[in-house]
$ cat structure.cif   # mmCIF, C-alpha atoms
data_final
loop_
_atom_site.group_PDB
_atom_site.id
_atom_site.type_symbol
_atom_site.label_atom_id
_atom_site.label_comp_id
_atom_site.auth_asym_id
_atom_site.auth_seq_id
_atom_site.Cartn_x
_atom_site.Cartn_y
_atom_site.Cartn_z
ATOM 1 C CA MET A 1 -18.071 56.214 -0.643
ATOM 2 C CA VAL A 2 -20.677 58.667 0.643
ATOM 3 C CA LYS A 3 -24.146 59.275 -0.796
ATOM 4 C CA VAL A 4 -24.919 62.971 -1.247
ATOM 5 C CA PRO A 5 -28.037 64.552 -2.807
ATOM 6 C CA LEU A 6 -27.087 67.313 -5.253
ATOM 7 C CA VAL A 7 -29.216 70.185 -6.525
ATOM 8 C CA LEU A 8 -28.522 70.502 -10.244
ATOM 9 C CA SER A 9 -28.454 73.800 -12.119
ATOM 10 C CA ASP A 10 -31.870 73.011 -13.652
ATOM 11 C CA GLY A 11 -33.397 72.691 -10.172
ATOM 12 C CA ARG A 12 -33.652 68.902 -10.023
ATOM 13 C CA THR A 13 -32.203 66.924 -7.153
ATOM 14 C CA ALA A 14 -29.806 64.150 -8.121
ATOM 15 C CA ARG A 15 -28.573 61.219 -6.118
ATOM 16 C CA SER A 16 -24.799 60.985 -6.158
ATOM 17 C CA GLU A 17 -22.093 58.789 -4.735
ATOM 18 C CA ILE A 18 -18.827 60.563 -3.900
ATOM 19 C CA TYR A 19 -15.643 58.501 -3.785
ATOM 20 C CA SER A 20 -12.383 59.477 -2.112
ATOM 21 C CA PHE A 21 -9.086 57.747 -2.889
ATOM 22 C CA THR A 22 -5.774 56.737 -1.363
ATOM 23 C CA LYS A 23 -2.435 56.034 -3.025
ATOM 24 C CA LEU A 24 -2.919 58.345 -6.000
ATOM 25 C CA ARG A 25 0.263 59.586 -7.615
ATOM 26 C CA ASP A 26 0.095 62.950 -5.860
ATOM 27 C CA ALA A 27 -1.186 64.278 -2.531
ATOM 28 C CA GLY A 28 -4.242 66.065 -3.925
ATOM 29 C CA GLU A 29 -7.671 65.294 -2.502
ATOM 30 C CA HIS A 30 -9.166 64.386 -5.881
ATOM 31 C CA PHE A 31 -12.594 62.753 -5.857
ATOM 32 C CA ALA A 32 -15.129 61.099 -8.138
ATOM 33 C CA VAL A 33 -18.879 61.678 -8.275
ATOM 34 C CA LYS A 34 -21.076 58.917 -9.670
ATOM 35 C CA LEU A 35 -24.434 60.017 -11.048
ATOM 36 C CA GLY A 36 -27.304 58.067 -12.552
ATOM 37 C CA LYS A 37 -26.744 54.586 -13.954
ATOM 38 C CA PRO A 38 -23.479 54.586 -15.910
ATOM 39 C CA CYS A 39 -23.121 52.407 -18.973
ATOM 40 C CA PRO A 40 -21.122 49.351 -17.872
ATOM 41 C CA ASP A 41 -19.087 49.153 -21.098
ATOM 42 C CA ALA A 42 -17.823 52.715 -21.618
ATOM 43 C CA PRO A 43 -19.426 55.124 -19.126
ATOM 44 C CA LEU A 44 -19.571 58.843 -19.758
ATOM 45 C CA VAL A 45 -16.769 60.550 -17.791
ATOM 46 C CA ARG A 46 -15.965 64.218 -17.282
ATOM 47 C CA LEU A 47 -12.524 65.264 -16.005
ATOM 48 C CA HIS A 48 -12.955 68.656 -14.379
ATOM 49 C CA SER A 49 -10.058 70.607 -12.932
ATOM 50 C CA GLU A 50 -10.797 72.666 -9.856
ATOM 51 C CA CYS A 51 -11.556 76.339 -10.528
ATOM 52 C CA VAL A 52 -12.551 78.190 -7.372
ATOM 53 C CA THR A 53 -13.264 81.412 -9.236
ATOM 54 C CA GLY A 54 -15.497 79.715 -11.819
ATOM 55 C CA ASP A 55 -16.956 76.752 -9.940
ATOM 56 C CA VAL A 56 -17.641 78.526 -6.631
ATOM 57 C CA LEU A 57 -17.711 82.271 -7.257
ATOM 58 C CA GLY A 58 -19.284 82.238 -10.730
ATOM 59 C CA SER A 59 -16.460 84.085 -12.476
ATOM 60 C CA ALA A 60 -17.276 85.060 -16.060
ATOM 61 C CA ARG A 61 -13.574 85.110 -17.057
ATOM 62 C CA CYS A 62 -13.681 81.388 -17.875
ATOM 63 C CA ASP A 63 -16.231 78.727 -18.816
ATOM 64 C CA CYS A 64 -15.436 76.377 -15.912
ATOM 65 C CA GLY A 65 -18.576 76.954 -13.835
ATOM 66 C CA PRO A 66 -20.991 76.492 -16.758
ATOM 67 C CA GLN A 67 -19.070 73.402 -17.924
ATOM 68 C CA LEU A 68 -19.264 71.883 -14.437
ATOM 69 C CA ASN A 69 -23.000 72.571 -14.171
ATOM 70 C CA GLU A 70 -23.617 71.162 -17.643
ATOM 71 C CA ALA A 71 -21.565 68.049 -16.877
ATOM 72 C CA LEU A 72 -23.503 67.279 -13.700
ATOM 73 C CA VAL A 73 -26.826 67.500 -15.571
ATOM 74 C CA ARG A 74 -25.598 65.376 -18.483
ATOM 75 C CA LEU A 75 -24.031 62.782 -16.198
ATOM 76 C CA HIS A 76 -27.231 62.596 -14.166
ATOM 77 C CA ASP A 77 -29.312 62.079 -17.313
ATOM 78 C CA SER A 78 -26.959 59.625 -19.053
ATOM 79 C CA GLY A 79 -25.255 58.080 -16.051
ATOM 80 C CA GLY A 80 -21.557 58.579 -15.525
ATOM 81 C CA TYR A 81 -18.724 59.943 -13.431
ATOM 82 C CA LEU A 82 -17.330 63.374 -12.707
ATOM 83 C CA LEU A 83 -13.656 63.227 -11.720
ATOM 84 C CA TYR A 84 -12.909 66.445 -9.843
ATOM 85 C CA LEU A 85 -9.173 67.106 -9.979
ATOM 86 C CA ARG A 86 -7.563 69.527 -7.551
ATOM 87 C CA GLN A 87 -5.369 71.210 -10.175
ATOM 88 C CA GLU A 88 -6.303 74.865 -9.842
ATOM 89 C CA GLY A 89 -5.085 77.261 -12.515
ATOM 90 C CA ARG A 90 -4.010 74.490 -14.909
ATOM 91 C CA GLY A 91 -1.819 73.125 -12.156
ATOM 92 C CA ILE A 92 -0.128 76.326 -10.942
ATOM 93 C CA GLY A 93 -2.358 76.897 -7.891
ATOM 94 C CA PHE A 94 -4.875 79.519 -6.887
ATOM 95 C CA TYR A 95 -2.512 82.335 -5.877
ATOM 96 C CA ARG A 96 -0.454 81.980 -9.057
ATOM 97 C CA LYS A 97 -3.672 81.984 -11.064
ATOM 98 C CA LEU A 98 -4.562 85.333 -9.525
ATOM 99 C CA ASP A 99 -1.094 86.586 -10.514
ATOM 100 C CA ALA A 100 -1.818 85.357 -14.037
ATOM 101 C CA TYR A 101 -5.118 87.266 -14.005
ATOM 102 C CA LEU A 102 -3.198 90.492 -13.300
ATOM 103 C CA LEU A 103 -1.000 89.807 -16.327
ATOM 104 C CA GLN A 104 -4.060 89.028 -18.446
ATOM 105 C CA ASP A 105 -5.343 92.490 -17.549
ATOM 106 C CA LYS A 106 -2.151 93.796 -19.226
ATOM 107 C CA GLU A 107 -2.759 92.147 -22.629
ATOM 108 C CA HIS A 108 -1.372 88.652 -21.925
ATOM 109 C CA ASP A 109 -3.528 85.697 -22.806
ATOM 110 C CA THR A 110 -3.958 82.887 -20.283
ATOM 111 C CA TYR A 111 -1.000 80.923 -21.675
ATOM 112 C CA SER A 112 1.491 83.763 -22.080
ATOM 113 C CA ALA A 113 0.609 84.894 -18.557
ATOM 114 C CA ASN A 114 1.636 81.487 -17.216
ATOM 115 C CA ARG A 115 4.897 81.683 -19.156
ATOM 116 C CA ALA A 116 5.609 85.177 -17.815
ATOM 117 C CA LEU A 117 5.324 83.658 -14.327
ATOM 118 C CA GLY A 118 7.888 81.003 -15.246
ATOM 119 C CA ARG A 119 5.276 78.237 -15.463
ATOM 120 C CA GLY A 120 4.165 75.911 -18.242
ATOM 121 C CA ASP A 121 1.209 76.481 -20.533
ATOM 122 C CA ASP A 122 -0.642 73.643 -18.838
ATOM 123 C CA GLU A 123 0.884 71.735 -15.913
ATOM 124 C CA ARG A 124 -2.042 69.422 -15.279
ATOM 125 C CA ASP A 125 -1.389 65.688 -15.016
ATOM 126 C CA TYR A 126 -4.344 63.452 -15.796
ATOM 127 C CA GLY A 127 -2.536 60.373 -14.514
ATOM 128 C CA MET A 128 -4.499 60.805 -11.275
ATOM 129 C CA ALA A 129 -7.700 60.467 -13.263
ATOM 130 C CA ALA A 130 -6.430 57.184 -14.695
ATOM 131 C CA ASP A 131 -5.578 56.020 -11.150
ATOM 132 C CA MET A 132 -9.107 56.892 -10.042
ATOM 133 C CA LEU A 133 -10.692 55.061 -12.973
ATOM 134 C CA ASN A 134 -8.554 52.014 -12.282
ATOM 135 C CA ALA A 135 -9.612 52.075 -8.624
ATOM 136 C CA LEU A 136 -13.236 52.193 -9.801
ATOM 137 C CA ARG A 137 -12.466 49.266 -12.155
ATOM 138 C CA ILE A 138 -13.238 51.307 -15.234
ATOM 139 C CA ARG A 139 -10.926 50.640 -18.184
ATOM 140 C CA ARG A 140 -12.980 52.060 -21.080
ATOM 141 C CA ILE A 141 -14.806 55.382 -21.127
ATOM 142 C CA THR A 142 -16.647 57.919 -23.249
ATOM 143 C CA LEU A 143 -14.959 61.234 -22.479
ATOM 144 C CA LEU A 144 -16.962 64.455 -22.137
ATOM 145 C CA SER A 145 -14.428 67.107 -23.141
ATOM 146 C CA ASN A 146 -13.239 69.636 -25.731
ATOM 147 C CA ASN A 147 -9.607 69.130 -24.679
ATOM 148 C CA PRO A 148 -7.631 66.619 -26.785
ATOM 149 C CA ASP A 149 -4.838 66.495 -24.186
ATOM 150 C CA LYS A 150 -7.154 64.807 -21.688
ATOM 151 C CA ARG A 151 -7.792 61.983 -24.113
ATOM 152 C CA ALA A 152 -4.095 61.666 -25.031
ATOM 153 C CA GLN A 153 -2.963 61.495 -21.400
ATOM 154 C CA LEU A 154 -5.630 58.957 -20.449
ATOM 155 C CA VAL A 155 -4.736 56.718 -23.386
ATOM 156 C CA MET A 156 -1.050 56.919 -22.443
ATOM 157 C CA ALA A 157 -2.039 55.871 -18.915
ATOM 158 C CA GLY A 158 -3.830 52.785 -20.213
ATOM 159 C CA ILE A 159 -7.456 53.959 -20.341
ATOM 160 C CA ASP A 160 -9.362 53.221 -23.555
ATOM 161 C CA VAL A 161 -11.310 56.266 -24.736
ATOM 162 C CA ASP A 162 -14.040 55.074 -27.082
ATOM 163 C CA ALA A 163 -15.231 58.539 -28.041
ATOM 164 C CA LEU A 164 -14.773 62.207 -27.271
ATOM 165 C CA VAL A 165 -18.109 63.953 -26.671
ATOM 166 C CA PRO A 166 -17.941 67.762 -26.803
ATOM 167 C CA THR A 167 -19.215 69.950 -24.010
ATOM 168 C CA GLY A 168 -21.390 72.947 -24.685
ATOM 169 C CA VAL A 169 -19.906 76.273 -25.720
ATOM 170 C CA PHE A 170 -20.297 79.023 -23.147
ATOM 171 C CA ILE A 171 -19.131 82.298 -24.697
ATOM 172 C CA SER A 172 -19.566 85.712 -23.166
ATOM 173 C CA PRO A 173 -17.841 89.062 -23.760
ATOM 174 C CA HIS A 174 -15.800 88.357 -20.607
ATOM 175 C CA ASN A 175 -14.339 85.005 -21.670
ATOM 176 C CA ARG A 176 -14.113 85.160 -25.474
ATOM 177 C CA GLN A 177 -10.344 85.850 -25.473
ATOM 178 C CA TYR A 178 -9.833 83.037 -22.964
ATOM 179 C CA LEU A 179 -11.689 80.582 -25.210
ATOM 180 C CA GLU A 180 -9.878 81.835 -28.314
ATOM 181 C CA ALA A 181 -6.561 81.179 -26.541
ATOM 182 C CA LYS A 182 -7.620 77.605 -25.733
ATOM 183 C CA VAL A 183 -8.407 76.969 -29.394
ATOM 184 C CA LYS A 184 -5.186 78.612 -30.604
ATOM 185 C CA HIS A 185 -2.702 77.135 -28.134
ATOM 186 C CA THR A 186 -4.095 73.734 -27.186
ATOM 187 C CA ARG A 187 -6.529 72.979 -30.032
ATOM 188 C CA HIS A 188 -9.643 72.737 -27.931
ATOM 189 C CA THR A 189 -12.601 71.805 -30.110
ATOM 190 C CA ILE A 190 -14.744 74.835 -29.360
ATOM 191 C CA ASP A 191 -17.053 76.367 -31.972
ATOM 192 C CA LEU A 192 -16.444 80.057 -31.384
ATOM 193 C CA SER A 193 -19.210 81.034 -33.801
ATOM 194 C CA THR A 194 -21.742 80.073 -31.118
ATOM 195 C CA GLU A 195 -23.038 83.147 -29.316
ATOM 196 C CA GLY A 196 -25.210 83.774 -26.290
ATOM 197 C CA ALA A 197 -24.824 80.382 -24.623
ATOM 198 C CA LEU A 198 -24.372 81.921 -21.177
#
$ encode --input "structure.cif" --output "structure tokens"
Amino acid sequence: MVKVPLVLSDGRTARSEIYSFTKLRDAGEHFAVKLGKPCPDAPLVRLHSECVTGDVLGSARCDCGPQLNEALVRLHDSGGYLLYLRQEGRGIGFYRKLDAYLLQDKEHDTYSANRALGRGDDERDYGMAADMLNALRIRRITLLSNNPDKRAQLVMAGIDVDALVPTGVFISPHNRQYLEAKVKHTRHTIDLSTEGAL
């Protein structure tokens, strides 16, 4: 565990503890960030899959960067854990994600683009997140997510999910089709009537 001060998107500085892990079920360098004072019974937890384009470069094609920034602020205020999972492009990797972007420019949505590349709609495995929670001795959580598959996979892996708390909705002209595809294909609980959140 390493203590690292973080500058949040609202300008505040937050104290964090970053945990690395061994013996997870894959070779990814997944990590957890503890912020604030988590509830001991069912702490707030955000599972966030790596998105270099959104998290680092500020891409407007997705809502990953805004969701990450929002999660860090909410976890700081409420206390909780961010589990950062190295599963770029829904598990297909960064280069394949760029290939999928090219197909999306030719009228594919994000899921059909993956299929055209011979990959699954979503290849992410949240078993690593369960391993991380177990290593942190956390068995019950409140999950910050719009993705019902995260909850289902965690429950199957033996983690009790007391509640699913929705993230904000970050719609722009650049990512509306992407968000619509998430609602259509994987039943994300996103209110697409919300405008101007970005």
$ residues_around --input "structure.cif" --residues "Ala27 in chain A" --least-positions-apart "3" --cutoff "10 Å" --atoms "only C-alpha atoms" --output "PyMOL selection string"
chain A and resi 22-24+30+86+128
$ closest_atom_pairs --input "structure.cif" --of "range 8-124 of chain A" --to "range 132-151 of chain A" --cutoff "7 Å" --atoms "only C-alpha atoms" --output "Markdown table"
| residue | atom | partner | partner_atom | distance |
| --- | --- | --- | --- | --- |
| A:Asp41 | CA | A:Arg140 | CA | 6.8 |
| A:Ala42 | CA | A:Ile141 | CA | 4.1 |
| A:Pro43 | CA | A:Ile141 | CA | 5.0 |
| A:Leu44 | CA | A:Thr142 | CA | 4.6 |
| A:Val45 | CA | A:Leu143 | CA | 5.1 |
| A:Arg46 | CA | A:Leu144 | CA | 5.0 |
$ write_last_selection --input "structure.cif" --atoms "C-alpha atoms" --output "PDB file, in the frame of the given file"
ATOM      1  CA  ASP A  41     -19.087  49.153 -21.098  1.00  0.00           C
ATOM      2  CA  ALA A  42     -17.823  52.715 -21.618  1.00  0.00           C
ATOM      3  CA  PRO A  43     -19.426  55.124 -19.126  1.00  0.00           C
ATOM      4  CA  LEU A  44     -19.571  58.843 -19.758  1.00  0.00           C
ATOM      5  CA  VAL A  45     -16.769  60.550 -17.791  1.00  0.00           C
ATOM      6  CA  ARG A  46     -15.965  64.218 -17.282  1.00  0.00           C
TER       7      ARG A  46
END
$ closest_residue --input "structure.cif" --among "A:Gly28, A:Pro66, A:Pro5, A:Pro38" --to "Tyr84 in chain A" --atoms "all atoms listed in the file"
A:Gly28
$ resolve_selection --input "structure.cif" --expression "the PyMOL selection byres ((chain A and resi 98) around 12)" --output "PDB file with C-alpha atoms, keeping the file's coordinate frame"
ATOM      1  CA  CYS A  51     -11.556  76.339 -10.528  1.00  0.00           C
ATOM      2  CA  VAL A  52     -12.551  78.190  -7.372  1.00  0.00           C
ATOM      3  CA  THR A  53     -13.264  81.412  -9.236  1.00  0.00           C
ATOM      4  CA  ARG A  61     -13.574  85.110 -17.057  1.00  0.00           C
ATOM      5  CA  GLU A  88      -6.303  74.865  -9.842  1.00  0.00           C
ATOM      6  CA  GLY A  89      -5.085  77.261 -12.515  1.00  0.00           C
ATOM      7  CA  ILE A  92      -0.128  76.326 -10.942  1.00  0.00           C
ATOM      8  CA  GLY A  93      -2.358  76.897  -7.891  1.00  0.00           C
ATOM      9  CA  PHE A  94      -4.875  79.519  -6.887  1.00  0.00           C
ATOM     10  CA  TYR A  95      -2.512  82.335  -5.877  1.00  0.00           C
ATOM     11  CA  ARG A  96      -0.454  81.980  -9.057  1.00  0.00           C
ATOM     12  CA  LYS A  97      -3.672  81.984 -11.064  1.00  0.00           C
ATOM     13  CA  ASP A  99      -1.094  86.586 -10.514  1.00  0.00           C
ATOM     14  CA  ALA A 100      -1.818  85.357 -14.037  1.00  0.00           C
ATOM     15  CA  TYR A 101      -5.118  87.266 -14.005  1.00  0.00           C
ATOM     16  CA  LEU A 102      -3.198  90.492 -13.300  1.00  0.00           C
ATOM     17  CA  LEU A 103      -1.000  89.807 -16.327  1.00  0.00           C
ATOM     18  CA  GLN A 104      -4.060  89.028 -18.446  1.00  0.00           C
ATOM     19  CA  ASP A 105      -5.343  92.490 -17.549  1.00  0.00           C
ATOM     20  CA  THR A 110      -3.958  82.887 -20.283  1.00  0.00           C
ATOM     21  CA  ALA A 113       0.609  84.894 -18.557  1.00  0.00           C
ATOM     22  CA  ASN A 114       1.636  81.487 -17.216  1.00  0.00           C
ATOM     23  CA  LEU A 117       5.324  83.658 -14.327  1.00  0.00           C
TER      24      LEU A 117
END
$ closest_residue --input "structure.cif" --among "A:Val169, A:Ala157, A:Leu68, A:Leu85" --to "Phe31 in chain A" --atoms "all atoms listed in the file"
A:Leu85
$ axis_aligned_box --input "structure.cif" --around "range 17-35 of chain A" --padding-each-side "5 Å" --output "lines of an AutoDock Vina configuration file"
center_x = -12.1
center_y = 61.0
center_z = -6.2
size_x = 34.7
size_y = 20.0
size_z = 19.7
$ atom_distance --input "structure.cif" --atom1 "CA of Asp122 in chain A" --atom2 "CA of Arg90 in chain A"
5.2 Å
$ atom_distance --input "structure.cif" --atom1 "CA of Gln87 in chain A" --atom2 "CA of Asp10 in chain A"
26.8 Å
$ resolve_selection --input "structure.cif" --expression "the PyMOL selection byres ((chain A and resi 33) around 6)" --output "list in words"
Glu17, Ile18, Ala32, Lys34, Tyr81 and Leu82 of chain A
$ atom_distance --input "structure.cif" --atom1 "CA of Val161 in chain A" --atom2 "CA of His48 in chain A"
16.2 Å
$ resolve_selection --input "structure.cif" --expression "the PyMOL selection byres ((chain A and resi 72) around 10)" --output "ChimeraX atom specification"
/A:6-9,14,16,33-35,46,67-71,73-82
$ closest_residue --input "structure.cif" --among "A:Val4, A:Ala129, A:Ile159, A:Arg12" --to "Glu29 in chain A" --atoms "all atoms listed in the file"
A:Ala129
$ closest_residue --input "structure.cif" --among "A:Ser59, A:Ser193, A:Asp160, A:Ser49" --to "Asp125 in chain A" --atoms "all atoms listed in the file"
A:Ser49
$ build_atoms --input "structure.cif" --residues "range 108-123 of chain A" --atoms "N, CA, C and O atoms" --output "CSV table (one decimal), in the frame of the given file"
chain,number,residue,atom,x,y,z
A,108,HIS,N,-1.8,90.0,-21.8
A,108,HIS,CA,-1.4,88.7,-21.9
A,108,HIS,C,-2.6,87.8,-22.1
A,108,HIS,O,-3.7,88.1,-21.6
A,109,ASP,N,-2.5,86.7,-22.9
A,109,ASP,CA,-3.5,85.7,-22.8
A,109,ASP,C,-3.2,84.7,-21.7
A,109,ASP,O,-2.2,84.8,-21.0
A,110,THR,N,-4.1,83.8,-21.4
A,110,THR,CA,-4.0,82.9,-20.3
A,110,THR,C,-2.7,82.0,-20.3
A,110,THR,O,-2.1,81.7,-19.3
A,111,TYR,N,-2.2,81.7,-21.5
A,111,TYR,CA,-1.0,80.9,-21.7
A,111,TYR,C,0.3,81.8,-21.5
A,111,TYR,O,1.2,81.4,-20.8
A,112,SER,N,0.3,82.9,-22.2
A,112,SER,CA,1.5,83.8,-22.1
A,112,SER,C,1.6,84.3,-20.7
A,112,SER,O,2.8,84.5,-20.2
A,113,ALA,N,0.5,84.5,-20.0
A,113,ALA,CA,0.6,84.9,-18.6
A,113,ALA,C,1.3,83.8,-17.7
A,113,ALA,O,2.2,84.1,-16.9
A,114,ASN,N,1.0,82.6,-17.9
A,114,ASN,CA,1.6,81.5,-17.2
A,114,ASN,C,3.1,81.5,-17.5
A,114,ASN,O,4.0,81.3,-16.6
A,115,ARG,N,3.5,81.7,-18.8
A,115,ARG,CA,4.9,81.7,-19.2
A,115,ARG,C,5.6,82.8,-18.5
A,115,ARG,O,6.8,82.7,-18.1
A,116,ALA,N,5.0,84.0,-18.4
A,116,ALA,CA,5.6,85.2,-17.8
A,116,ALA,C,5.9,84.9,-16.3
A,116,ALA,O,6.8,85.6,-15.7
A,117,LEU,N,5.1,84.0,-15.7
A,117,LEU,CA,5.3,83.7,-14.3
A,117,LEU,C,6.3,82.5,-14.2
A,117,LEU,O,6.6,82.1,-13.1
A,118,GLY,N,6.9,82.1,-15.3
A,118,GLY,CA,7.9,81.0,-15.2
A,118,GLY,C,7.2,79.6,-15.1
A,118,GLY,O,7.9,78.7,-14.7
A,119,ARG,N,6.0,79.5,-15.5
A,119,ARG,CA,5.3,78.2,-15.5
A,119,ARG,C,4.9,77.7,-16.9
A,119,ARG,O,5.1,78.5,-17.8
A,120,GLY,N,4.5,76.5,-17.0
A,120,GLY,CA,4.2,75.9,-18.2
A,120,GLY,C,2.8,76.4,-18.7
A,120,GLY,O,2.0,76.8,-17.9
A,121,ASP,N,2.5,76.2,-20.0
A,121,ASP,CA,1.2,76.5,-20.5
A,121,ASP,C,0.1,75.7,-19.8
A,121,ASP,O,-0.9,76.3,-19.5
A,122,ASP,N,0.3,74.5,-19.5
A,122,ASP,CA,-0.6,73.6,-18.8
A,122,ASP,C,0.1,72.6,-18.1
A,122,ASP,O,0.7,71.7,-18.7
A,123,GLU,N,0.1,72.7,-16.7
A,123,GLU,CA,0.9,71.7,-15.9
A,123,GLU,C,0.0,70.6,-15.3
A,123,GLU,O,0.5,69.9,-14.5
